[in-house]
file work-v8.cif (mmCIF, C-alpha atoms)
data_input
loop_
_atom_site.label_atom_id
_atom_site.label_comp_id
_atom_site.auth_asym_id
_atom_site.auth_seq_id
_atom_site.Cartn_x
_atom_site.Cartn_y
_atom_site.Cartn_z
CA ALA A 1 9.41 38.37 6.81
CA THR A 2 6.66 37.43 4.36
CA ALA A 3 9.17 37.01 1.54
CA MET A 4 11.36 34.78 3.72
CA LEU A 5 8.42 32.52 4.59
CA ALA A 6 7.36 32.37 0.96
CA GLY A 7 10.86 31.34 -0.13
CA THR A 8 11.15 28.72 2.62
CA PHE A 9 7.71 27.11 2.55
CA ARG A 10 6.71 28.15 -0.99
CA SER A 11 3.35 29.35 0.19
CA ALA A 12 1.80 32.13 -1.89
CA ILE A 13 -1.81 33.34 -1.76
CA SER A 14 -2.59 31.83 1.65
CA LEU A 15 0.44 33.56 3.17
CA VAL A 16 -0.63 36.94 1.76
CA VAL A 17 -4.16 36.47 3.13
CA ILE A 18 -2.80 35.59 6.58
CA MET A 19 -0.56 38.67 6.66
CA LEU A 20 -3.38 40.98 5.54
CA GLU A 21 -5.77 39.59 8.15
CA GLY A 22 -3.12 39.78 10.84
CA THR A 23 -2.11 43.40 10.15
CA GLY A 24 -5.37 44.80 8.79
CA LYS A 25 -3.33 46.83 6.28
CA VAL A 26 -5.07 46.33 2.94
CA GLN A 27 -2.72 48.85 1.33
CA TYR A 28 0.08 46.26 1.70
CA LEU A 29 -1.65 43.89 -0.76
CA LEU A 30 0.38 44.82 -3.84
CA PRO A 31 3.82 44.89 -2.11
CA LEU A 32 3.09 41.55 -0.45
CA LEU A 33 2.04 39.95 -3.74
CA VAL A 34 5.19 41.18 -5.46
CA ALA A 35 7.47 40.05 -2.62
CA VAL A 36 5.85 36.61 -2.34
CA THR A 37 5.88 36.01 -6.10
CA ILE A 38 9.54 36.95 -6.51
CA SER A 39 10.66 35.02 -3.41
CA LYS A 40 8.78 31.85 -4.39
CA SER A 41 9.97 31.99 -8.01
CA VAL A 42 13.62 32.41 -7.01
CA GLY A 43 13.36 29.60 -4.48
CA ASP A 44 11.86 27.22 -7.06
CA LEU A 45 14.90 27.81 -9.29
CA PHE A 46 17.28 26.37 -6.69
CA ASN A 47 15.56 23.63 -4.70
CA ALA A 48 12.30 22.22 -3.36
CA SER A 49 10.42 23.59 -0.37
CA VAL A 50 11.20 22.60 3.21
CA TYR A 51 8.14 20.34 3.24
CA ASP A 52 9.20 18.51 0.07
CA MET A 53 12.73 18.06 1.37
CA GLN A 54 11.41 16.60 4.64
CA ILE A 55 9.26 14.15 2.65
CA GLN A 56 12.31 13.06 0.64
CA MET A 57 14.50 12.71 3.74
CA LYS A 58 11.88 10.55 5.50
CA ARG A 59 11.34 8.57 2.26
CA ILE A 60 7.59 9.01 2.44
CA PRO A 61 5.98 7.86 -0.85
CA PHE A 62 4.07 11.11 -1.36
CA LEU A 63 2.26 11.50 -4.67
CA HIS A 64 2.12 14.96 -6.24
CA PRO A 65 -1.06 16.26 -7.89
CA HIS A 66 0.30 15.41 -11.34
CA LEU A 67 2.61 12.62 -12.44
CA ALA A 68 5.85 14.47 -13.21
CA VAL A 69 7.25 11.99 -15.71
CA PRO A 70 8.79 13.53 -18.85
CA TRP A 71 8.08 10.49 -21.01
CA GLY A 72 5.12 8.31 -21.83
CA GLY A 73 2.51 11.04 -21.44
CA PRO A 74 -0.30 11.94 -23.82
CA THR A 75 1.95 14.37 -25.73
CA SER A 76 5.06 12.22 -25.58
CA THR A 77 7.08 11.14 -28.61
CA GLN A 78 7.25 7.61 -27.22
CA PRO A 79 6.01 4.85 -29.58
CA ARG A 80 3.22 4.04 -27.09
CA PRO A 81 1.94 5.39 -23.77
CA LEU A 82 3.20 3.91 -20.54
CA THR A 83 1.09 1.07 -19.15
CA ALA A 84 0.78 -0.69 -15.80
CA GLU A 85 3.07 -3.42 -17.14
CA ASP A 86 5.89 -0.86 -17.55
CA VAL A 87 5.91 0.33 -13.92
CA MET A 88 4.74 -2.71 -11.93
CA ALA A 89 6.99 -4.82 -9.71
CA THR A 90 7.09 -8.37 -11.06
CA ARG A 91 8.52 -10.10 -7.98
CA VAL A 92 5.30 -10.37 -6.02
CA VAL A 93 5.06 -12.01 -2.59
CA MET A 94 1.85 -14.05 -2.70
CA PHE A 95 0.05 -16.46 -0.40
CA GLU A 96 -2.36 -19.31 -0.89
CA GLU A 97 -5.61 -19.06 1.07
CA GLN A 98 -4.20 -21.45 3.69
CA PRO A 99 -0.44 -20.82 3.85
CA LYS A 100 1.96 -22.33 6.35
CA VAL A 101 2.63 -20.19 9.41
CA LEU A 102 6.40 -20.34 8.99
CA MET A 103 6.07 -19.26 5.34
CA VAL A 104 4.09 -16.19 6.40
CA GLU A 105 6.64 -15.37 9.11
CA LYS A 106 9.49 -15.63 6.61
CA ALA A 107 7.69 -13.35 4.15
CA LEU A 108 7.00 -10.71 6.81
CA ARG A 109 10.65 -10.71 7.83
CA GLY A 110 11.98 -10.65 4.28
CA ASN A 111 10.29 -7.50 2.98
CA THR A 112 8.47 -4.32 3.95
CA HIS A 113 5.37 -4.80 1.79
CA ASN A 114 2.03 -3.79 3.27
CA GLY A 115 -0.27 -5.83 1.03
CA PHE A 116 -0.02 -9.39 -0.23
CA PRO A 117 -2.15 -10.92 -3.01
CA VAL A 118 -3.94 -14.13 -2.09
CA VAL A 119 -3.98 -16.57 -5.00
CA LYS A 120 -4.96 -20.03 -6.10
CA THR A 121 -1.98 -21.67 -7.79
CA THR A 122 -2.69 -24.11 -10.63
CA MET A 123 -0.39 -26.00 -12.96
CA LEU A 124 -1.39 -25.92 -16.63
CA PRO A 125 -0.98 -28.95 -18.91
CA ASN A 126 2.18 -27.38 -20.34
CA GLY A 127 3.76 -27.33 -16.86
CA GLU A 128 3.34 -23.58 -16.33
CA LEU A 129 2.29 -22.37 -12.88
CA VAL A 130 -0.41 -19.69 -12.89
CA HIS A 131 -1.63 -17.73 -9.89
CA TYR A 132 -5.34 -16.87 -10.07
CA PHE A 133 -6.13 -13.78 -8.04
CA LYS A 134 -8.50 -14.39 -5.10
CA GLY A 135 -8.04 -11.31 -2.93
CA ILE A 136 -5.54 -9.31 -0.94
CA ILE A 137 -4.53 -9.25 2.73
CA SER A 138 -2.56 -6.64 4.65
CA ARG A 139 0.48 -6.99 6.86
CA GLN A 140 -1.59 -5.74 9.80
CA GLN A 141 -4.07 -8.59 9.34
CA LEU A 142 -1.31 -11.20 9.12
CA LEU A 143 0.37 -9.89 12.27
CA THR A 144 -2.96 -10.05 14.11
CA LEU A 145 -3.45 -13.68 13.10
CA LEU A 146 0.07 -14.55 14.27
CA ALA A 147 -0.33 -12.65 17.54
CA HIS A 148 -3.56 -14.50 18.34
CA ARG A 149 -2.06 -17.86 17.39
CA GLU A 150 -4.79 -18.56 14.85
CA PHE A 151 -3.00 -21.73 13.78
CA HIS A 152 -4.74 -24.77 12.29
CA THR A 153 -3.75 -28.31 11.52
CA GLU A 154 -4.18 -29.64 8.00
CA GLU A 155 -7.36 -31.48 9.06
CA GLU A 156 -8.84 -28.32 10.57
CA VAL A 157 -8.08 -26.41 7.40
CA ASP A 158 -9.94 -29.02 5.34
CA ILE A 159 -12.97 -28.71 7.64
CA ARG A 160 -12.98 -24.92 7.31
CA LYS A 161 -12.80 -25.25 3.52
CA GLU A 162 -15.82 -27.56 3.49
CA ASN A 163 -17.81 -25.23 5.76
CA ALA A 164 -16.96 -22.28 3.53
CA LYS A 165 -18.19 -24.16 0.45
CA LYS A 166 -21.52 -24.93 2.13
CA ASP A 167 -22.21 -21.33 3.08
CA PRO A 168 -19.47 -18.81 2.18
CA LEU A 169 -21.46 -15.86 3.58
CA ILE A 170 -21.50 -17.09 7.17
CA THR A 171 -18.64 -15.92 9.40
CA SER A 172 -18.16 -17.19 12.95
CA GLU A 173 -18.44 -14.77 15.86
CA HIS A 174 -14.79 -15.42 16.70
CA ASP A 175 -13.65 -14.48 13.18
CA SER A 176 -15.81 -11.34 13.28
CA GLU A 177 -14.20 -10.16 16.53
CA LEU A 178 -10.76 -10.93 15.15
CA ASP A 179 -11.53 -8.95 12.00
CA LYS A 180 -12.44 -5.91 14.12
CA GLU A 181 -9.18 -6.12 16.04
CA MET A 182 -7.21 -6.26 12.79
CA HIS A 183 -8.26 -2.68 12.08
CA THR A 184 -6.84 -1.45 15.40
CA PHE A 185 -3.67 -3.56 15.62
CA PHE A 186 -1.35 -0.73 14.57
CA HIS A 187 -2.95 1.76 16.97
CA GLN A 188 -2.64 -0.67 19.87
CA HIS A 189 0.96 -1.75 19.32
CA ALA A 190 2.88 0.83 17.30
CA PHE A 191 0.89 4.06 16.97
CA TYR A 192 3.85 6.34 17.79
CA GLN A 193 6.43 4.38 15.80
CA ARG A 194 6.17 4.95 12.09
CA GLY A 195 7.22 1.83 10.22
CA ALA A 196 7.33 -0.31 13.38
CA ILE A 197 5.13 -3.05 11.95
CA VAL A 198 7.25 -3.46 8.80
CA GLY A 199 10.40 -4.69 10.52
CA ASP A 200 11.54 -7.83 12.28
CA ALA A 201 10.93 -6.27 15.70
CA MET A 202 7.17 -6.78 15.57
CA VAL A 203 7.52 -10.41 14.45
CA ASP A 204 10.06 -10.98 17.24
CA LYS A 205 7.66 -9.39 19.72
CA ILE A 206 4.96 -11.86 18.71
CA GLY A 207 7.45 -14.63 19.46
CA LEU A 208 6.47 -17.65 17.40
CA GLY A 209 7.61 -20.93 18.91
CA PHE A 210 7.47 -24.61 18.14
CA GLU A 211 3.66 -24.50 18.09
CA ALA A 212 3.88 -22.91 14.61
CA ASN A 213 5.63 -25.93 13.06
CA GLY A 214 3.41 -27.69 10.55
CA ARG A 215 0.49 -25.34 11.20
CA PHE A 216 -1.49 -23.23 8.76
CA LEU A 217 -3.31 -19.89 8.69
CA ASP A 218 -6.74 -19.50 7.12
CA LEU A 219 -6.79 -16.18 5.26
CA SER A 220 -10.10 -16.64 3.44
CA PRO A 221 -12.39 -15.10 6.13
CA PHE A 222 -10.25 -11.96 6.43
CA MET A 223 -8.85 -11.13 2.99
CA SER A 224 -10.46 -8.45 0.85
CA ILE A 225 -12.10 -10.25 -2.07
CA VAL A 226 -13.04 -7.13 -4.04
CA PRO A 227 -9.91 -4.94 -4.18
CA LEU A 228 -9.22 -2.75 -7.17
CA THR A 229 -7.10 -4.47 -9.82
CA VAL A 230 -5.87 -3.23 -13.20
CA GLN A 231 -5.04 -4.96 -16.44
CA LEU A 232 -1.55 -5.05 -17.90
CA GLU A 233 -2.59 -2.66 -20.68
CA CYS A 234 -4.11 -0.07 -18.33
CA SER A 235 -2.65 3.42 -18.83
CA VAL A 236 -0.20 4.45 -16.12
CA TRP A 237 -1.95 7.82 -15.99
CA LYS A 238 -5.24 6.12 -15.14
CA VAL A 239 -3.55 4.02 -12.43
CA PHE A 240 -2.00 7.18 -10.99
CA ASN A 241 -5.44 8.80 -10.81
CA TYR A 242 -6.76 5.74 -8.96
CA PHE A 243 -4.04 6.18 -6.35
CA LYS A 244 -4.75 9.88 -5.95
CA THR A 245 -8.55 9.79 -5.89
CA MET A 246 -9.00 6.59 -3.86
CA GLY A 247 -6.03 6.89 -1.49
CA LEU A 248 -4.61 3.50 -2.48
CA ARG A 249 -1.34 2.02 -1.27
CA HIS A 250 -1.06 -0.86 -3.73
CA VAL A 251 -2.87 -2.23 -6.78
CA PRO A 252 -2.41 -5.78 -8.12
CA VAL A 253 -1.89 -6.11 -11.87
CA VAL A 254 -3.63 -9.05 -13.57
CA ASP A 255 -3.96 -10.38 -17.10
CA GLU A 256 -7.14 -11.22 -19.02
CA LYS A 257 -7.40 -14.55 -17.15
CA ASN A 258 -7.20 -12.79 -13.73
CA CYS A 259 -3.74 -14.18 -13.05
CA VAL A 260 -1.42 -12.03 -10.94
CA LYS A 261 1.42 -10.58 -13.00
CA GLY A 262 2.68 -7.81 -10.76
CA ILE A 263 1.80 -5.13 -8.25
CA ILE A 264 2.07 -1.34 -8.23
CA THR A 265 2.66 0.67 -5.05
CA ARG A 266 2.96 4.35 -4.22
CA LYS A 267 6.73 3.87 -4.04
CA ASP A 268 6.78 2.85 -7.72
CA PHE A 269 5.27 6.19 -8.69
CA ALA A 270 7.57 8.04 -6.31
CA ALA A 271 10.52 6.34 -8.01
CA LEU A 272 9.23 7.49 -11.41
CA GLU A 273 9.16 11.09 -10.24
CA ALA A 274 12.62 10.94 -8.63
#

call {"tool": "encode", "arguments": {"input": "work-v8.cif", "output": "C-alpha cells"}}
result
Amino acid sequence: ATAMLAGTFRSAISLVVIMLEGTGKVQYLLPLLVAVTISKSVGDLFNASVYDMQIQMKRIPFLHPHLAVPWGGPTSTQPRPLTAEDVMATRVVMFEEQPKVLMVEKALRGNTHNGFPVVKTTMLPNGELVHYFKGIISRQQLLTLLAHREFHTEEEVDIRKENAKKDPLITSEHDSELDKEMHTFFHQHAFYQRGAIVGDAMVDKIGLGFEANGRFLDLSPFMSIVPLTVQLECSVWKVFNYFKTMGLRHVPVVDEKNCVKGIITRKDFAALEA
C-alpha cells in the first residue's frame, strides 16, 4: 500500500514517517524506504504525479521550485543568458490614467489578463509613441469601478486632475471605501467559481448601458504606483526568483526611460517549462 501511494503521489519521506507513526513498527523503516524509493523512481520514469497532472489539466500556471529550461541557464552553451526581453509578451493591454469606460469594457472582454499597466502616452518629435509607466491596476479593481458606475464626464476628469496636482496624497472618503471593496470583490461575487471574473459573464452581469457612452474612469486613486518592474536586460532567472519569493502574478518590463515594453506573467514561465 505504501509503495502504491508513493508511485501515485510521488511522496517519499513524509509517507514513510506517516506509516511508521500509524503502525508503531519501527522495524519496518528499511523495507518502507526501499519500497518507496523504488516505486517513486519507477513512476518518475513514465509520467508526472497525480498532482502535477491535475495542475496541467486545469491549466494552472504553477511554478516549480527551479526553472526547468534546458537552455539559457548559467551553464548553457547559448551565446548569452536569457533575459526578460526574451520571455516577455510584447502585446500589452495598457490604459491611460483616465480611460474611456467603453475602452475598458472592450479590453476586459477581449482577454483574460489580470493586471494592466497604467501609462502616460507621449509622442516624440520623430513621431514615435512612447508609453511611460505610471502604475498597474488589476481586473478586480476595474470591475469594481464599473459595477459602482464610477463614471466621469471630461470636465469632471479635469477637475480631479487639478485636485490631484494640488495635493496628491489626499484621497476622498468615497475613494477610500471603494478601494477597500476592491479587495473583496472576488470573494463577494465569484468565490466558488475559479476564473469567473476573467470572462464575459462578469462584464455582462454588471450590465453597462447608455450611461457609459462618452464617460471616463479615473484610475489614478486606485492603481498601484510602486509595483515591481524589471529592465529588458534583467536575467530571466532573477525574474523567476521574484515570482517565486514574492508570489507575483505579473511583472511589467520597462526600458531605461521607464517606458513599457512588455509584461511577464506566470503563464509565460509555465510555457517555458512545457

call {"tool": "atom_distance", "arguments": {"input": "work-v8.cif", "atom1": "atom CA of A:Lys238", "atom2": "atom CA of A:Val119"}}
result
24.9 Å

call {"tool": "axis_aligned_box", "arguments": {"input": "work-v8.cif", "around": "stretch 13-16 of chain A", "padding_each_side": "8 Å", "output": "AutoDock Vina command-line options"}}
result
--center_x -1.1 --center_y 34.4 --center_z 0.7 --size_x 19.0 --size_y 21.1 --size_z 20.9

call {"tool": "resolve_selection", "arguments": {"input": "work-v8.cif", "expression": "the PyMOL selection byres ((chain A and resi 114) around 7)", "output": "list in words"}}
result
Thr112, His113, Gly115, Phe116, Ser138 and Arg139 of chain A

call {"tool": "write_last_selection", "arguments": {"input": "work-v8.cif", "atoms": "C-alpha atoms", "output": "CSV table (one decimal), in the frame of the given file"}}
result
chain,number,residue,atom,x,y,z
A,112,THR,CA,8.5,-4.3,4.0
A,113,HIS,CA,5.4,-4.8,1.8
A,115,GLY,CA,-0.3,-5.8,1.0
A,116,PHE,CA,0.0,-9.4,-0.2
A,138,SER,CA,-2.6,-6.6,4.6
A,139,ARG,CA,0.5,-7.0,6.9

call {"tool": "atom_distance", "arguments": {"input": "work-v8.cif", "atom1": "atom CA of A:Leu102", "atom2": "atom CA of A:Thr144"}}
result
14.8 Å

call {"tool": "closest_residue", "arguments": {"input": "work-v8.cif", "among": "A:Glu173, A:Pro227, A:Ala212, A:Gly24", "to": "A:Gly135", "atoms": "all atoms listed in the file"}}
result
A:Pro227

call {"tool": "closest_residue", "arguments": {"input": "work-v8.cif", "among": "A:Asp200, A:Glu128, A:Asp179, A:Asp44", "to": "A:Gly7", "atoms": "all atoms listed in the file"}}
result
A:Asp44

call {"tool": "atom_distance", "arguments": {"input": "work-v8.cif", "atom1": "atom CA of A:Arg149", "atom2": "atom CA of A:Lys120"}}
result
23.8 Å

call {"tool": "residues_around", "arguments": {"input": "work-v8.cif", "residues": "A:Arg10", "least_positions_apart": "3", "cutoff": "7 Å", "atoms": "all atoms listed in the file", "output": "ChimeraX atom specification"}}
result
/A:6-7,40,49

call {"tool": "write_last_selection", "arguments": {"input": "work-v8.cif", "atoms": "C-alpha atoms", "output": "PDB file, in the coordinates of the input"}}
result
ATOM      1  CA  ALA A   6       7.360  32.370   0.960  1.00  0.00           C
ATOM      2  CA  GLY A   7      10.860  31.340  -0.130  1.00  0.00           C
ATOM      3  CA  LYS A  40       8.780  31.850  -4.390  1.00  0.00           C
ATOM      4  CA  SER A  49      10.420  23.590  -0.370  1.00  0.00           C
TER       5      SER A  49
END

call {"tool": "residues_around", "arguments": {"input": "work-v8.cif", "residues": "stretch 258-261 of chain A", "least_positions_apart": "5", "cutoff": "9 Å", "atoms": "all atoms listed in the file", "output": "PyMOL selection string"}}
result
chain A and resi 85+88-92+117+119+130-134+231-232+252-253

call {"tool": "residues_around", "arguments": {"input": "work-v8.cif", "residues": "A:His183", "least_positions_apart": "6", "cutoff": "12 Å", "atoms": "all atoms listed in the file", "output": "MDAnalysis selection string"}}
result
chainID A and resid 138:144 176:177 189 222

call {"tool": "write_last_selection", "arguments": {"input": "work-v8.cif", "atoms": "C-alpha atoms", "output": "PDB file, in the frame of the given file"}}
result
ATOM      1  CA  SER A 138      -2.560  -6.640   4.650  1.00  0.00           C
ATOM      2  CA  ARG A 139       0.480  -6.990   6.860  1.00  0.00           C
ATOM      3  CA  GLN A 140      -1.590  -5.740   9.800  1.00  0.00           C
ATOM      4  CA  GLN A 141      -4.070  -8.590   9.340  1.00  0.00           C
ATOM      5  CA  LEU A 142      -1.310 -11.200   9.120  1.00  0.00           C
ATOM      6  CA  LEU A 143       0.370  -9.890  12.270  1.00  0.00           C
ATOM      7  CA  THR A 144      -2.960 -10.050  14.110  1.00  0.00           C
ATOM      8  CA  SER A 176     -15.810 -11.340  13.280  1.00  0.00           C
ATOM      9  CA  GLU A 177     -14.200 -10.160  16.530  1.00  0.00           C
ATOM     10  CA  HIS A 189       0.960  -1.750  19.320  1.00  0.00           C
ATOM     11  CA  PHE A 222     -10.250 -11.960   6.430  1.00  0.00           C
TER      12      PHE A 222
END

call {"tool": "resolve_selection", "arguments": {"input": "work-v8.cif", "expression": "the PyMOL selection byres ((chain A and resi 223) around 6)", "output": "list in words"}}
result
Gly135, Ile136, Ile137, Leu219, Ser220, Phe222 and Ser224 of chain A

call {"tool": "resolve_selection", "arguments": {"input": "work-v8.cif", "expression": "the PyMOL selection byres ((chain A and resi 86) around 12)", "output": "list of chain:residue names"}}
result
A:Gly72, A:Arg80, A:Pro81, A:Leu82, A:Thr83, A:Ala84, A:Glu85, A:Val87, A:Met88, A:Ala89, A:Thr90, A:Gln231, A:Leu232, A:Glu233, A:Cys234, A:Ser235, A:Val236, A:Trp237, A:Val239, A:Val253, A:Lys261, A:Gly262, A:Ile263, A:Ile264, A:Asp268, A:Phe269, A:Leu272

call {"tool": "closest_residue", "arguments": {"input": "work-v8.cif", "among": "A:Met246, A:Ala201, A:Val157, A:Met19", "to": "A:Ala3", "atoms": "only C-alpha atoms"}}
result
A:Met19
